[in-house]
Amino acid sequence: MELYLPIAELPMNVFMLLGMGAAVGFLSGMFGVGGGFLLTPLLIFSGIPPAVAVATVSSQIVASSASGTLAYIRKKTIDVKLGGFLLVSGMIGSGIGVWVFGLLRAVGQLDLVIALSYVTFLSTVGALMLTEALRAIAAQRAGKPLPVGRPAARGWMQRLPLRVRFPRSKLAISAIPVVVLGVAIGFLGALLGIGGGFIMVPALIYILKVPTSIVIGTTLMQTLGTMAFATIMQASTNQTVDAVLGLCLMVGGVIGAQFGAQVGQRLRGETLRALLGLLVLSVGVRFAVDLVVMPKELYSITHSSGAGL
Amino acid sequence: MKRLIAALIAAGACLASPSARSEQLVTALSHDAVSITSNFTGSQVVIFGTIERDAQTVARSSNYEVVVALSGPLTTLVTRRKDRTVGLWINRDSERIGRVPSFLSVHSTNDLEAIAAPSLRAQLGIGLDMLPINATTSKTPPVRTDFEDAFLRLMQESRLYKQEEGSVEFLSAQLFRVPVVLPANVPVGTYTATVFLFRDGAMLSTTSEEMIIEKVGFEQLMTLYAHQHGLIYGIGTVLIACLTGWLAGIIFRRD
């Protein structure tokens, strides 16, 4: 069944959109990532103009992360205080990101920066997660006990001022790394059109030493807030949010996210991290291949405003 | 617009010569407006025309040739080329493609080369090979850069530009029709259907008809809100998103 999308200005098959939303939503619920880094390229590949894809995906991430956040609130595996800190700083970063976005577009190098960032972040984060998780799994198989508890935060981080208690995460850390992380994720989110969960999840685990069980719910809460902010910003400045396209992706996405969250609860932390690492790494490699291999079509057309055709 | 003026000037020049005064084109479109609704998957518009002759017209031995061009609103695009830089394929050079139609469908009774000389076609901007870029027409056919060639190729690949020689069908000696397919990704705006009548390589007459392609109903409402009340539209979208997520949470709650 074809449906004409009013802002993208072309018809798309409803069931294909629902399916794409569901598949990405499933992964989103399972790993606590927004899934934007998968959905945005998927939409662009299906012919949606990139500006519309980036803006609309943020509204879809709102729906799937809202659904996921509620599921984690019920399970009480969410640190609202930590999430709030990340959220507020994320919005600041998002504002800076939108400004840099405009700047790069004016210079004409936005495409390159986006592609290089995707390759760098996805490959690095993916490879790190995968090796760490595989090492943990191997250690377990060999019968060696996993390092119990969390190693204390590194020395320099302990010495930072503005120490804040996060009782739910059993943490007492300086607010500075938390805010820096939030700003960085918000910045990258606005620049690359992604929720940033795939960076947030490992950062919370490895840098801030937040317990794995709480990380996903807290990340979803932060994603919900920053993406709602991003949707409103995109709608009021670029007018590229397609609510009809968004709704199709949302309906598919929230259904997928429910099942994903349940599977995610059943899987072991290491397995989950290994799978997410593999997924992130493969998308990064895909972008790298596009940059290195000679493309079939060297030319492309865009509107003079910078928006795709 | 400039192209249209050029065409009209050329038409005026032709009409001024007494021998060609007698043929007149009368044309009509099957639709004045094409509505885009939520189930729009493309459409078709038929352009009809008849060649009127008065009693004094000398009997013509050879056939009439007709060229029909349906063109969309003018736009300015940028063509970019990827080049290998430090091992990476990235966009390097670009070229502005100024004031070109966002949609163009050219139809004719015969091969365009057989209908008129290149100089006349270039002057009138008839055919994709003669399409004026940056709205400049001259008597010499345009020399295309690599970027302009790529632009024309990509526009044809995306079904926005099309040239179908031999697709204008004569129903009788004077009456002709041509169906023009509007693909699903057709841009909205005011379209102009220009019809040219040729005989023996000379243009006898030309007409142009306007048509509007617009979104109606729900589609129009959405576009209007997105463009004029972006903030409300954005907040509304976020609320719908939260509601969708919340509803799904209730429906699929299993614990």
# chains A, B, ... in the order shown; residues from 1 in each chain; ligands from 1

$ closest_atom_pairs --of "chain B" --to "chain A" --cutoff "8 Å" --atoms "only C-alpha atoms" --output "CSV"
residue,atom,partner,partner_atom,distance
B:Thr37,CA,A:Tyr4,CA,7.0
B:Ser38,CA,A:Tyr4,CA,4.6
B:Asn39,CA,A:Leu3,CA,5.3
B:Phe40,CA,A:Tyr4,CA,5.8
B:Thr41,CA,A:Pro11,CA,6.1
B:Thr76,CA,A:Ser304,CA,5.9
B:Leu77,CA,A:His303,CA,4.5
B:Val78,CA,A:Thr302,CA,5.3
B:Thr79,CA,A:Ile301,CA,4.5
B:Arg80,CA,A:Ser300,CA,5.3
B:Arg81,CA,A:Tyr299,CA,4.5
B:Lys82,CA,A:Leu298,CA,5.1
B:Asp83,CA,A:Leu298,CA,7.6
B:Gly87,CA,A:Val292,CA,6.2
B:Leu88,CA,A:Val292,CA,4.9
B:Trp89,CA,A:Leu291,CA,5.1
B:Ile90,CA,A:Leu112,CA,6.4
B:Asn91,CA,A:Leu112,CA,7.5
B:Arg96,CA,A:Ser304,CA,7.6
B:Phe147,CA,A:Tyr299,CA,7.7
B:Ala150,CA,A:Tyr299,CA,6.5
B:Phe151,CA,A:Ile301,CA,6.8
B:Leu154,CA,A:Ile301,CA,7.6
B:Ala184,CA,A:Leu10,CA,5.9
B:Asn185,CA,A:Leu10,CA,4.9
B:Val186,CA,A:Leu10,CA,7.9
B:Pro187,CA,A:Glu9,CA,7.5
B:Lys215,CA,A:Pro6,CA,7.9
B:Glu219,CA,A:Pro6,CA,5.2
B:Gln220,CA,A:Pro6,CA,7.5
B:Met222,CA,A:Pro6,CA,6.6
B:Thr223,CA,A:Pro6,CA,6.2
B:Ala226,CA,A:Gln239,CA,5.6
B:His227,CA,A:Gln239,CA,5.8
B:His229,CA,A:Ser236,CA,7.4
B:Gly230,CA,A:Ser236,CA,4.0
B:Leu231,CA,A:Ser236,CA,4.6
B:Tyr233,CA,A:Ala235,CA,6.7
B:Gly234,CA,A:Ile232,CA,4.3
B:Ile235,CA,A:Ile232,CA,5.8
B:Thr237,CA,A:Ala243,CA,6.2
B:Val238,CA,A:Ala228,CA,5.9
B:Ile240,CA,A:Leu247,CA,8.0
B:Ala241,CA,A:Ala63,CA,4.3
B:Cys242,CA,A:Ala63,CA,5.2
B:Leu243,CA,A:Ala63,CA,7.6
B:Thr244,CA,A:Ala63,CA,6.1
B:Gly245,CA,A:Ser67,CA,4.1
B:Trp246,CA,A:Ser67,CA,5.6
B:Ala248,CA,A:Val254,CA,6.1
B:Gly249,CA,A:Ser67,CA,5.6
B:Phe252,CA,A:Gln258,CA,6.8

$ write_last_selection --atoms "N, CA and C atoms" --output "short mmCIF file (atom, residue, chain, number, x, y, z; two decimals), in the first residue's frame"
data_model
loop_
_atom_site.label_atom_id
_atom_site.label_comp_id
_atom_site.auth_asym_id
_atom_site.auth_seq_id
_atom_site.Cartn_x
_atom_site.Cartn_y
_atom_site.Cartn_z
N THR B 37 -2.89 13.74 -3.39
CA THR B 37 -3.54 13.30 -2.16
C THR B 37 -2.69 12.19 -1.55
N SER B 38 -3.12 11.63 -0.42
CA SER B 38 -2.27 10.67 0.28
C SER B 38 -2.07 9.38 -0.51
N ASN B 39 -2.93 9.10 -1.50
CA ASN B 39 -2.71 7.88 -2.28
C ASN B 39 -2.11 8.17 -3.66
N PHE B 40 -1.48 9.35 -3.80
CA PHE B 40 -0.88 9.73 -5.08
C PHE B 40 0.34 8.87 -5.39
N THR B 41 0.32 8.23 -6.55
CA THR B 41 1.48 7.43 -6.95
C THR B 41 1.89 7.81 -8.37
N THR B 76 17.24 26.01 -9.10
CA THR B 76 18.70 26.04 -9.25
C THR B 76 19.28 24.89 -8.45
N LEU B 77 20.09 24.07 -9.12
CA LEU B 77 20.65 22.88 -8.48
C LEU B 77 22.18 22.95 -8.50
N VAL B 78 22.79 22.07 -7.74
CA VAL B 78 24.25 22.00 -7.71
C VAL B 78 24.65 20.56 -8.05
N THR B 79 25.53 20.41 -9.03
CA THR B 79 26.05 19.09 -9.35
C THR B 79 27.45 18.98 -8.74
N ARG B 80 27.68 17.89 -8.01
CA ARG B 80 28.99 17.70 -7.38
C ARG B 80 29.66 16.46 -7.95
N ARG B 81 30.98 16.47 -7.94
CA ARG B 81 31.72 15.30 -8.40
C ARG B 81 32.65 14.83 -7.31
N LYS B 82 32.65 13.50 -7.11
CA LYS B 82 33.58 12.91 -6.15
C LYS B 82 34.93 12.72 -6.82
N ASP B 83 35.97 13.01 -6.05
CA ASP B 83 37.33 12.77 -6.54
C ASP B 83 38.10 12.05 -5.46
N GLY B 87 43.18 8.85 -0.84
CA GLY B 87 42.59 7.52 -0.77
C GLY B 87 41.09 7.49 -0.52
N LEU B 88 40.48 8.65 -0.32
CA LEU B 88 39.05 8.68 -0.03
C LEU B 88 38.29 9.35 -1.17
N TRP B 89 37.11 8.81 -1.47
CA TRP B 89 36.27 9.41 -2.51
C TRP B 89 35.37 10.44 -1.86
N ILE B 90 35.69 11.71 -2.07
CA ILE B 90 34.86 12.75 -1.45
C ILE B 90 34.48 13.80 -2.49
N ASN B 91 33.39 14.52 -2.21
CA ASN B 91 32.93 15.59 -3.09
C ASN B 91 33.99 16.68 -3.17
N ARG B 96 27.15 25.01 -10.33
CA ARG B 96 25.76 25.43 -10.21
C ARG B 96 25.06 25.22 -11.53
N PHE B 147 29.80 18.36 -15.87
CA PHE B 147 28.81 18.49 -14.80
C PHE B 147 27.40 18.59 -15.39
N ALA B 150 26.34 15.22 -16.65
CA ALA B 150 25.98 14.37 -15.53
C ALA B 150 24.62 14.79 -14.96
N PHE B 151 24.38 16.10 -14.91
CA PHE B 151 23.11 16.62 -14.43
C PHE B 151 21.96 16.07 -15.28
N LEU B 154 21.51 12.31 -14.63
CA LEU B 154 20.91 12.00 -13.33
C LEU B 154 19.44 12.38 -13.27
N ALA B 184 5.75 9.64 -9.59
CA ALA B 184 5.33 9.86 -8.21
C ALA B 184 6.12 10.98 -7.55
N ASN B 185 7.37 11.18 -7.98
CA ASN B 185 8.22 12.19 -7.34
C ASN B 185 8.13 13.55 -8.05
N VAL B 186 7.03 13.77 -8.78
CA VAL B 186 6.88 15.02 -9.55
C VAL B 186 6.84 16.21 -8.58
N PRO B 187 7.64 17.26 -8.87
CA PRO B 187 7.63 18.42 -7.96
C PRO B 187 6.31 19.19 -8.08
N LYS B 215 -0.58 19.93 -3.73
CA LYS B 215 -1.07 19.03 -2.69
C LYS B 215 -2.43 19.55 -2.24
N GLU B 219 -2.64 16.48 2.88
CA GLU B 219 -1.25 16.69 2.47
C GLU B 219 -0.90 18.18 2.48
N GLN B 220 -1.88 19.00 2.01
CA GLN B 220 -1.66 20.44 1.95
C GLN B 220 -1.60 21.02 3.36
N MET B 222 -0.71 19.51 6.13
CA MET B 222 0.56 19.13 6.77
C MET B 222 1.69 20.05 6.31
N THR B 223 1.75 20.28 5.00
CA THR B 223 2.82 21.12 4.45
C THR B 223 2.70 22.54 4.98
N ALA B 226 3.79 22.63 8.59
CA ALA B 226 5.24 22.43 8.70
C ALA B 226 6.00 23.70 8.33
N HIS B 227 5.49 24.43 7.35
CA HIS B 227 6.22 25.61 6.88
C HIS B 227 5.89 26.86 7.64
N HIS B 229 3.98 27.05 10.77
CA HIS B 229 3.95 26.94 12.24
C HIS B 229 4.89 25.83 12.67
N GLY B 230 6.15 25.98 12.28
CA GLY B 230 7.14 24.92 12.52
C GLY B 230 7.25 24.49 13.97
N LEU B 231 7.18 25.45 14.89
CA LEU B 231 7.35 25.14 16.31
C LEU B 231 6.18 24.28 16.81
N TYR B 233 4.16 22.52 14.97
CA TYR B 233 4.25 21.25 14.24
C TYR B 233 5.25 20.32 14.93
N GLY B 234 6.41 20.88 15.33
CA GLY B 234 7.44 20.08 16.00
C GLY B 234 6.96 19.56 17.34
N ILE B 235 6.34 20.45 18.15
CA ILE B 235 5.84 20.02 19.46
C ILE B 235 4.75 18.97 19.28
N THR B 237 4.45 16.86 16.80
CA THR B 237 5.08 15.60 16.40
C THR B 237 5.66 14.88 17.62
N VAL B 238 6.31 15.64 18.51
CA VAL B 238 6.90 15.03 19.70
C VAL B 238 5.80 14.44 20.59
N ILE B 240 2.84 13.35 19.65
CA ILE B 240 2.34 12.14 18.99
C ILE B 240 3.32 10.99 19.25
N ALA B 241 4.61 11.32 19.14
CA ALA B 241 5.64 10.29 19.35
C ALA B 241 5.57 9.73 20.77
N CYS B 242 5.45 10.62 21.76
CA CYS B 242 5.38 10.16 23.16
C CYS B 242 4.13 9.32 23.36
N LEU B 243 3.01 9.77 22.79
CA LEU B 243 1.75 9.05 22.92
C LEU B 243 1.86 7.65 22.30
N THR B 244 2.48 7.59 21.12
CA THR B 244 2.66 6.30 20.45
C THR B 244 3.47 5.35 21.33
N GLY B 245 4.56 5.89 21.89
CA GLY B 245 5.42 5.08 22.75
C GLY B 245 4.68 4.60 23.99
N TRP B 246 3.91 5.52 24.60
CA TRP B 246 3.17 5.20 25.82
C TRP B 246 2.10 4.14 25.55
N ALA B 248 1.99 1.96 23.14
CA ALA B 248 2.61 0.66 22.86
C ALA B 248 3.02 0.00 24.17
N GLY B 249 3.49 0.82 25.11
CA GLY B 249 3.89 0.30 26.42
C GLY B 249 2.71 -0.35 27.13
N PHE B 252 1.45 -3.59 24.97
CA PHE B 252 2.34 -4.75 24.94
C PHE B 252 2.87 -5.12 26.32
#

$ select_by_dssp --residues "range 18-169 of chain A" --states "strand (DSSP E)" --output "number ranges by chain"
A: 163-166

$ residues_around --residues "range 189-205 of chain B" --least-positions-apart "5" --cutoff "8 Å" --atoms "only C-alpha atoms" --output "ChimeraX atom specification"
/B:11,14-15,20-21,23-25,27,47,62-73,114-117,210-214

$ atom_distance --atom1 "CA of Gly93 in chain A" --atom2 "CA of Gly193 in chain A"
13.1 Å

$ residues_around --residues "range 131-145 of chain B" --least-positions-apart "6" --cutoff "6 Å" --atoms "only C-alpha atoms" --output "list in words"
Gly98, Arg99, Val100, Ser119, Ala122, Gln123 and Gly125 of chain B

$ write_last_selection --atoms "C-alpha atoms" --output "tab-separated table (two decimals), in the first residue's frame"
chain	number	residue	atom	x	y	z
B	98	GLY	CA	21.04	27.64	-12.71
B	99	ARG	CA	17.38	28.20	-13.62
B	100	VAL	CA	16.50	24.80	-15.05
B	119	SER	CA	20.41	26.34	-34.55
B	122	ALA	CA	19.00	25.83	-29.70
B	123	GLN	CA	17.29	29.18	-30.06
B	125	GLY	CA	15.54	25.47	-26.27

$ closest_residue --among "A:Ala53, A:Leu104, A:Ile185, A:Leu130" --to "Leu204 in chain A" --atoms "only C-alpha atoms"
A:Ile185

$ select_by_dssp --residues "range 32-222 of chain B" --states "helix (DSSP H, G or I)" --output "NGL selection string"
:B and (112-115 or 118-124 or 128-130 or 146-157 or 217-222)

$ write_last_selection --atoms "C-alpha atoms" --output "CSV table (one decimal), in the first residue's frame"
chain,number,residue,atom,x,y,z
B,112,LEU,CA,14.0,16.1,-33.1
B,113,GLU,CA,17.0,16.3,-35.5
B,114,ALA,CA,14.6,15.7,-38.4
B,115,ILE,CA,12.1,18.3,-37.3
B,118,PRO,CA,20.1,22.5,-34.4
B,119,SER,CA,20.4,26.3,-34.6
B,120,LEU,CA,16.6,26.8,-34.4
B,121,ARG,CA,16.2,24.2,-31.7
B,122,ALA,CA,19.0,25.8,-29.7
B,123,GLN,CA,17.3,29.2,-30.1
B,124,LEU,CA,14.0,27.8,-28.9
B,128,LEU,CA,17.2,17.9,-23.6
B,129,ASP,CA,20.4,18.4,-25.7
B,130,MET,CA,19.4,22.1,-26.2
B,146,ASP,CA,30.9,17.2,-17.7
B,147,PHE,CA,28.8,18.5,-14.8
B,148,GLU,CA,26.0,19.5,-17.1
B,149,ASP,CA,26.1,16.1,-18.9
B,150,ALA,CA,26.0,14.4,-15.5
B,151,PHE,CA,23.1,16.6,-14.4
B,152,LEU,CA,21.0,15.7,-17.5
B,153,ARG,CA,21.8,12.0,-17.0
B,154,LEU,CA,20.9,12.0,-13.3
B,155,MET,CA,17.7,13.9,-13.9
B,156,GLN,CA,16.7,11.3,-16.5
B,157,GLU,CA,17.6,8.5,-14.1
B,217,GLY,CA,-6.5,18.2,1.7
B,218,PHE,CA,-4.5,16.5,4.4
B,219,GLU,CA,-1.2,16.7,2.5
B,220,GLN,CA,-1.7,20.4,2.0
B,221,LEU,CA,-2.6,21.0,5.6
B,222,MET,CA,0.6,19.1,6.8

$ atom_distance --atom1 "CA of Leu281 in chain A" --atom2 "CA of Val52 in chain A"
25.5 Å

$ closest_residue --among "A:Leu220, A:Val201, A:Ile96, A:Leu39" --to "Gly126 in chain A" --atoms "only C-alpha atoms"
A:Val201

$ decode --residues "range 59-195 of chain B" --atoms "C-alpha atoms" --output "PDB file, in the first residue's frame"
ATOM      1  CA  ALA B  59      -2.066  23.271 -49.864  1.00  0.00           C
ATOM      2  CA  ARG B  60       0.925  21.696 -48.105  1.00  0.00           C
ATOM      3  CA  SER B  61       2.473  18.641 -49.502  1.00  0.00           C
ATOM      4  CA  SER B  62       4.612  17.657 -46.563  1.00  0.00           C
ATOM      5  CA  ASN B  63       3.517  16.682 -43.076  1.00  0.00           C
ATOM      6  CA  TYR B  64       3.314  18.814 -39.998  1.00  0.00           C
ATOM      7  CA  GLU B  65       5.647  18.060 -37.110  1.00  0.00           C
ATOM      8  CA  VAL B  66       4.675  18.764 -33.527  1.00  0.00           C
ATOM      9  CA  VAL B  67       6.902  19.130 -30.430  1.00  0.00           C
ATOM     10  CA  VAL B  68       5.348  19.250 -26.959  1.00  0.00           C
ATOM     11  CA  ALA B  69       7.347  20.185 -23.844  1.00  0.00           C
ATOM     12  CA  LEU B  70       5.837  20.035 -20.354  1.00  0.00           C
ATOM     13  CA  SER B  71       8.125  21.811 -17.925  1.00  0.00           C
ATOM     14  CA  GLY B  72       7.924  22.326 -14.170  1.00  0.00           C
ATOM     15  CA  PRO B  73       8.850  25.367 -12.081  1.00  0.00           C
ATOM     16  CA  LEU B  74      12.410  26.632 -12.498  1.00  0.00           C
ATOM     17  CA  THR B  75      14.965  25.722  -9.868  1.00  0.00           C
ATOM     18  CA  THR B  76      18.698  26.037  -9.248  1.00  0.00           C
ATOM     19  CA  LEU B  77      20.650  22.877  -8.482  1.00  0.00           C
ATOM     20  CA  VAL B  78      24.246  21.997  -7.708  1.00  0.00           C
ATOM     21  CA  THR B  79      26.053  19.088  -9.348  1.00  0.00           C
ATOM     22  CA  ARG B  80      28.988  17.702  -7.378  1.00  0.00           C
ATOM     23  CA  ARG B  81      31.719  15.300  -8.404  1.00  0.00           C
ATOM     24  CA  LYS B  82      33.575  12.912  -6.148  1.00  0.00           C
ATOM     25  CA  ASP B  83      37.329  12.771  -6.541  1.00  0.00           C
ATOM     26  CA  ARG B  84      39.915  10.574  -4.920  1.00  0.00           C
ATOM     27  CA  THR B  85      41.691  12.545  -2.220  1.00  0.00           C
ATOM     28  CA  VAL B  86      44.183  10.863   0.125  1.00  0.00           C
ATOM     29  CA  GLY B  87      42.591   7.516  -0.769  1.00  0.00           C
ATOM     30  CA  LEU B  88      39.047   8.684  -0.031  1.00  0.00           C
ATOM     31  CA  TRP B  89      36.268   9.410  -2.513  1.00  0.00           C
ATOM     32  CA  ILE B  90      34.863  12.747  -1.454  1.00  0.00           C
ATOM     33  CA  ASN B  91      32.926  15.588  -3.091  1.00  0.00           C
ATOM     34  CA  ARG B  92      35.441  18.015  -4.537  1.00  0.00           C
ATOM     35  CA  ASP B  93      34.348  20.141  -7.470  1.00  0.00           C
ATOM     36  CA  SER B  94      30.834  21.376  -7.978  1.00  0.00           C
ATOM     37  CA  GLU B  95      28.952  23.420 -10.515  1.00  0.00           C
ATOM     38  CA  ARG B  96      25.758  25.429 -10.209  1.00  0.00           C
ATOM     39  CA  ILE B  97      23.056  24.446 -12.666  1.00  0.00           C
ATOM     40  CA  GLY B  98      21.036  27.643 -12.705  1.00  0.00           C
ATOM     41  CA  ARG B  99      17.380  28.195 -13.616  1.00  0.00           C
ATOM     42  CA  VAL B 100      16.495  24.805 -15.047  1.00  0.00           C
ATOM     43  CA  PRO B 101      13.023  23.234 -14.956  1.00  0.00           C
ATOM     44  CA  SER B 102      12.501  20.889 -11.997  1.00  0.00           C
ATOM     45  CA  PHE B 103      10.586  18.623 -14.384  1.00  0.00           C
ATOM     46  CA  LEU B 104      10.766  18.343 -18.170  1.00  0.00           C
ATOM     47  CA  SER B 105       9.066  15.968 -20.557  1.00  0.00           C
ATOM     48  CA  VAL B 106       9.712  16.495 -24.277  1.00  0.00           C
ATOM     49  CA  HIS B 107       7.545  14.743 -26.882  1.00  0.00           C
ATOM     50  CA  SER B 108       7.530  14.940 -30.662  1.00  0.00           C
ATOM     51  CA  THR B 109       6.101  13.380 -33.796  1.00  0.00           C
ATOM     52  CA  ASN B 110       9.549  12.508 -35.117  1.00  0.00           C
ATOM     53  CA  ASP B 111      13.244  12.614 -34.256  1.00  0.00           C
ATOM     54  CA  LEU B 112      14.026  16.134 -33.119  1.00  0.00           C
ATOM     55  CA  GLU B 113      17.000  16.278 -35.518  1.00  0.00           C
ATOM     56  CA  ALA B 114      14.616  15.658 -38.413  1.00  0.00           C
ATOM     57  CA  ILE B 115      12.140  18.307 -37.280  1.00  0.00           C
ATOM     58  CA  ALA B 116      14.340  21.385 -37.068  1.00  0.00           C
ATOM     59  CA  ALA B 117      17.946  22.454 -37.533  1.00  0.00           C
ATOM     60  CA  PRO B 118      20.148  22.534 -34.414  1.00  0.00           C
ATOM     61  CA  SER B 119      20.412  26.339 -34.551  1.00  0.00           C
ATOM     62  CA  LEU B 120      16.633  26.775 -34.440  1.00  0.00           C
ATOM     63  CA  ARG B 121      16.241  24.157 -31.703  1.00  0.00           C
ATOM     64  CA  ALA B 122      18.996  25.829 -29.695  1.00  0.00           C
ATOM     65  CA  GLN B 123      17.285  29.177 -30.058  1.00  0.00           C
ATOM     66  CA  LEU B 124      13.965  27.764 -28.886  1.00  0.00           C
ATOM     67  CA  GLY B 125      15.540  25.471 -26.273  1.00  0.00           C
ATOM     68  CA  ILE B 126      13.795  22.393 -27.683  1.00  0.00           C
ATOM     69  CA  GLY B 127      15.068  18.993 -26.552  1.00  0.00           C
ATOM     70  CA  LEU B 128      17.214  17.896 -23.621  1.00  0.00           C
ATOM     71  CA  ASP B 129      20.391  18.441 -25.654  1.00  0.00           C
ATOM     72  CA  MET B 130      19.364  22.072 -26.236  1.00  0.00           C
ATOM     73  CA  LEU B 131      17.958  22.716 -22.744  1.00  0.00           C
ATOM     74  CA  PRO B 132      19.089  26.205 -21.743  1.00  0.00           C
ATOM     75  CA  ILE B 133      21.100  26.168 -18.509  1.00  0.00           C
ATOM     76  CA  ASN B 134      21.284  29.488 -16.645  1.00  0.00           C
ATOM     77  CA  ALA B 135      18.458  30.600 -18.977  1.00  0.00           C
ATOM     78  CA  THR B 136      20.779  31.441 -21.839  1.00  0.00           C
ATOM     79  CA  THR B 137      19.723  30.595 -25.371  1.00  0.00           C
ATOM     80  CA  SER B 138      21.714  31.292 -28.498  1.00  0.00           C
ATOM     81  CA  LYS B 139      21.808  30.257 -32.111  1.00  0.00           C
ATOM     82  CA  THR B 140      24.628  27.846 -31.454  1.00  0.00           C
ATOM     83  CA  PRO B 141      23.874  24.597 -29.640  1.00  0.00           C
ATOM     84  CA  PRO B 142      25.090  24.738 -26.019  1.00  0.00           C
ATOM     85  CA  VAL B 143      28.463  23.200 -25.206  1.00  0.00           C
ATOM     86  CA  ARG B 144      27.951  20.998 -22.145  1.00  0.00           C
ATOM     87  CA  THR B 145      30.462  20.623 -19.352  1.00  0.00           C
ATOM     88  CA  ASP B 146      30.936  17.225 -17.681  1.00  0.00           C
ATOM     89  CA  PHE B 147      28.805  18.487 -14.801  1.00  0.00           C
ATOM     90  CA  GLU B 148      25.963  19.499 -17.110  1.00  0.00           C
ATOM     91  CA  ASP B 149      26.087  16.134 -18.877  1.00  0.00           C
ATOM     92  CA  ALA B 150      25.977  14.372 -15.526  1.00  0.00           C
ATOM     93  CA  PHE B 151      23.110  16.617 -14.427  1.00  0.00           C
ATOM     94  CA  LEU B 152      21.030  15.701 -17.503  1.00  0.00           C
ATOM     95  CA  ARG B 153      21.834  11.999 -17.030  1.00  0.00           C
ATOM     96  CA  LEU B 154      20.913  11.995 -13.329  1.00  0.00           C
ATOM     97  CA  MET B 155      17.686  13.906 -13.928  1.00  0.00           C
ATOM     98  CA  GLN B 156      16.669  11.293 -16.515  1.00  0.00           C
ATOM     99  CA  GLU B 157      17.579   8.488 -14.108  1.00  0.00           C
ATOM    100  CA  SER B 158      15.339   9.995 -11.449  1.00  0.00           C
ATOM    101  CA  ARG B 159      12.525  10.202 -14.057  1.00  0.00           C
ATOM    102  CA  LEU B 160      12.299  13.981 -13.777  1.00  0.00           C
ATOM    103  CA  TYR B 161      13.583  14.585 -17.307  1.00  0.00           C
ATOM    104  CA  LYS B 162      12.375  12.605 -20.283  1.00  0.00           C
ATOM    105  CA  GLN B 163      12.489  12.833 -24.040  1.00  0.00           C
ATOM    106  CA  GLU B 164      10.194  10.629 -26.136  1.00  0.00           C
ATOM    107  CA  GLU B 165      10.586  11.131 -29.848  1.00  0.00           C
ATOM    108  CA  GLY B 166       7.681   9.859 -31.929  1.00  0.00           C
ATOM    109  CA  SER B 167       5.256   9.851 -29.001  1.00  0.00           C
ATOM    110  CA  VAL B 168       2.941  12.564 -30.386  1.00  0.00           C
ATOM    111  CA  GLU B 169       0.110  10.802 -32.155  1.00  0.00           C
ATOM    112  CA  PHE B 170      -1.984  12.301 -34.958  1.00  0.00           C
ATOM    113  CA  LEU B 171      -5.633  11.212 -34.657  1.00  0.00           C
ATOM    114  CA  SER B 172      -6.568  12.860 -37.943  1.00  0.00           C
ATOM    115  CA  ALA B 173      -4.755  15.102 -40.413  1.00  0.00           C
ATOM    116  CA  GLN B 174      -5.062  18.031 -37.982  1.00  0.00           C
ATOM    117  CA  LEU B 175      -5.810  16.599 -34.539  1.00  0.00           C
ATOM    118  CA  PHE B 176      -3.009  15.304 -32.317  1.00  0.00           C
ATOM    119  CA  ARG B 177      -2.620  14.134 -28.737  1.00  0.00           C
ATOM    120  CA  VAL B 178       0.225  13.145 -26.406  1.00  0.00           C
ATOM    121  CA  PRO B 179      -0.067  11.538 -22.968  1.00  0.00           C
ATOM    122  CA  VAL B 180       2.567  12.786 -20.499  1.00  0.00           C
ATOM    123  CA  VAL B 181       3.304  10.583 -17.497  1.00  0.00           C
ATOM    124  CA  LEU B 182       3.845  12.402 -14.208  1.00  0.00           C
ATOM    125  CA  PRO B 183       6.008  10.212 -11.951  1.00  0.00           C
ATOM    126  CA  ALA B 184       5.333   9.863  -8.211  1.00  0.00           C
ATOM    127  CA  ASN B 185       8.219  12.195  -7.338  1.00  0.00           C
ATOM    128  CA  VAL B 186       6.883  15.017  -9.550  1.00  0.00           C
ATOM    129  CA  PRO B 187       7.632  18.418  -7.962  1.00  0.00           C
ATOM    130  CA  VAL B 188       4.691  20.659  -7.062  1.00  0.00           C
ATOM    131  CA  GLY B 189       4.185  24.033  -8.706  1.00  0.00           C
ATOM    132  CA  THR B 190       3.018  25.709 -11.891  1.00  0.00           C
ATOM    133  CA  TYR B 191       3.737  23.787 -15.069  1.00  0.00           C
ATOM    134  CA  THR B 192       3.828  25.051 -18.632  1.00  0.00           C
ATOM    135  CA  ALA B 193       2.989  22.913 -21.639  1.00  0.00           C
ATOM    136  CA  THR B 194       4.514  24.478 -24.736  1.00  0.00           C
ATOM    137  CA  VAL B 195       3.486  23.153 -28.145  1.00  0.00           C
TER     138      VAL B 195
END
